[in-house]
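Structure first, then comments.
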Amino acid sequence: MNAGGHGVPPSGSSSLLSSSEPRGNEKRHVALVWFQRYPPGMSLEVYCSRCHALTETPVCDQCGEDPLLDGRFRLLAPFGHGASGQTWRAEDGETVVAIKELNFRRLADMKTLELFEREARVLSTLDHASIPHYLSDFVHEDKKHVSLYLVQEFIDGTPLDVAATTDEETVIEMLVELLNVLSYLRE
């Protein structure tokens, strides 16, 4: 995915720690970086990007790793999943983003990988108010697995299956907006 120069370069394990057992100065360094990024008063509860356990510390209580994805993204909550991956509501500093994860271990076939890469490529070229803006894509590897990630603007809203069960006027407004997006995509 990064061959075209999009997003963050592949980084192997971008953890602030190189081993699963941080010691002395390494622990202190990770804590300092964490608290510089997330000052007192900001919720620290995140899902660890390695083991997906909830943690409130700069080193995951469950696996001992830096819980930040690629050293910068705080995974706040999962909000979608499929056969080969998961989508997260996350933060990059103060910006809320959506991160789509495609885990290589769970790939059913290479077509899924091709579609994911195409989605990132196409999304990076689009500019429409009703389509989430592309922010980056990257590959992340650690000792246990390799995953591709697509980072895009997070759009907070009502799920389509819930919104579609409301009144007729709301459904018509949704269809008009959808037709505008389809018209944009066709051009």
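Residues are named by chain letter and number: chains run A, B, ... in the order of the structure tokens, numbers start at 1 in each chain, and ligands are numbered from 1 in the order shown.
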Output as CSV one row per residue of stretch 85-173 of chain A within 12 Å of stretch 47-63 of chain A: the closest atom pair and its distance in Å to one decimal place, counting only C-alpha atoms, sorted by chain and residue number ascending.
residue,atom,partner,partner_atom,distance
A:Gln86,CA,A:His52,CA,11.1
A:Trp88,CA,A:Tyr47,CA,9.6
A:Arg89,CA,A:Tyr47,CA,10.4
A:Ala90,CA,A:Tyr47,CA,9.5
A:Glu91,CA,A:Tyr47,CA,11.5
A:Ile99,CA,A:Ser49,CA,11.4
A:Glu101,CA,A:Ser49,CA,10.5
A:Asn103,CA,A:Arg50,CA,11.8
A:His140,CA,A:Ser49,CA,10.2
A:Glu141,CA,A:Arg50,CA,9.9
A:Asp142,CA,A:Arg50,CA,8.2
A:Lys143,CA,A:Arg50,CA,9.8
A:Lys144,CA,A:Arg50,CA,8.8
A:His145,CA,A:Arg50,CA,9.1
A:Val146,CA,A:Arg50,CA,10.7
A:Ser147,CA,A:Arg50,CA,10.8
A:Tyr149,CA,A:Ser49,CA,11.6
Hey, which of A:Phe104, A:Phe79, A:Phe116, A:Phe73 ends up closest to A:Asp156? Count only C-alpha atoms. A:Phe79
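Distances to A:Glu153 were evaluated for A:Ser136, A:Thr170, A:Asn180, A:Thr112 using only C-alpha atoms, and the minimum falls at A:Ser136.
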If we count only C-alpha atoms, what is near A:Met174 at a cut-off of 12 Å, once residues fewer than 3 positions away on the same chain are taken out, given as a PyMOL selection string? chain A and resi 130+158-161+163-171+177-181
What residues in stretch 25-186 of chain A get the DSSP label alpha helix (DSSP H)? Please answer as number ranges by chain. A: 25-37, 110-123, 160-163, 168-186
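Separating atom CA of A:Leu135 from atom CA of A:Leu175 is a distance of 26.8 Å.
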With only C-alpha atoms as the atoms that count, which of A:Arg72, A:Asp66, A:Leu123, A:Arg186 lies nearest to A:Thr95? A:Arg72
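As for atom CA of A:Ala129 and atom CA of A:Leu148, they are spaced 25.4 Å apart.
For the residues A:Gly93, A:Ala108, A:Leu185, A:Gly64, ranking by smallest atom-to-atom distance to A:Ile131 using only C-alpha atoms places A:Leu185 first.
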Distance criterion (only C-alpha atoms): nearest to A:Leu182 out of A:Arg118, A:His133, A:His128, A:Arg106: A:His128
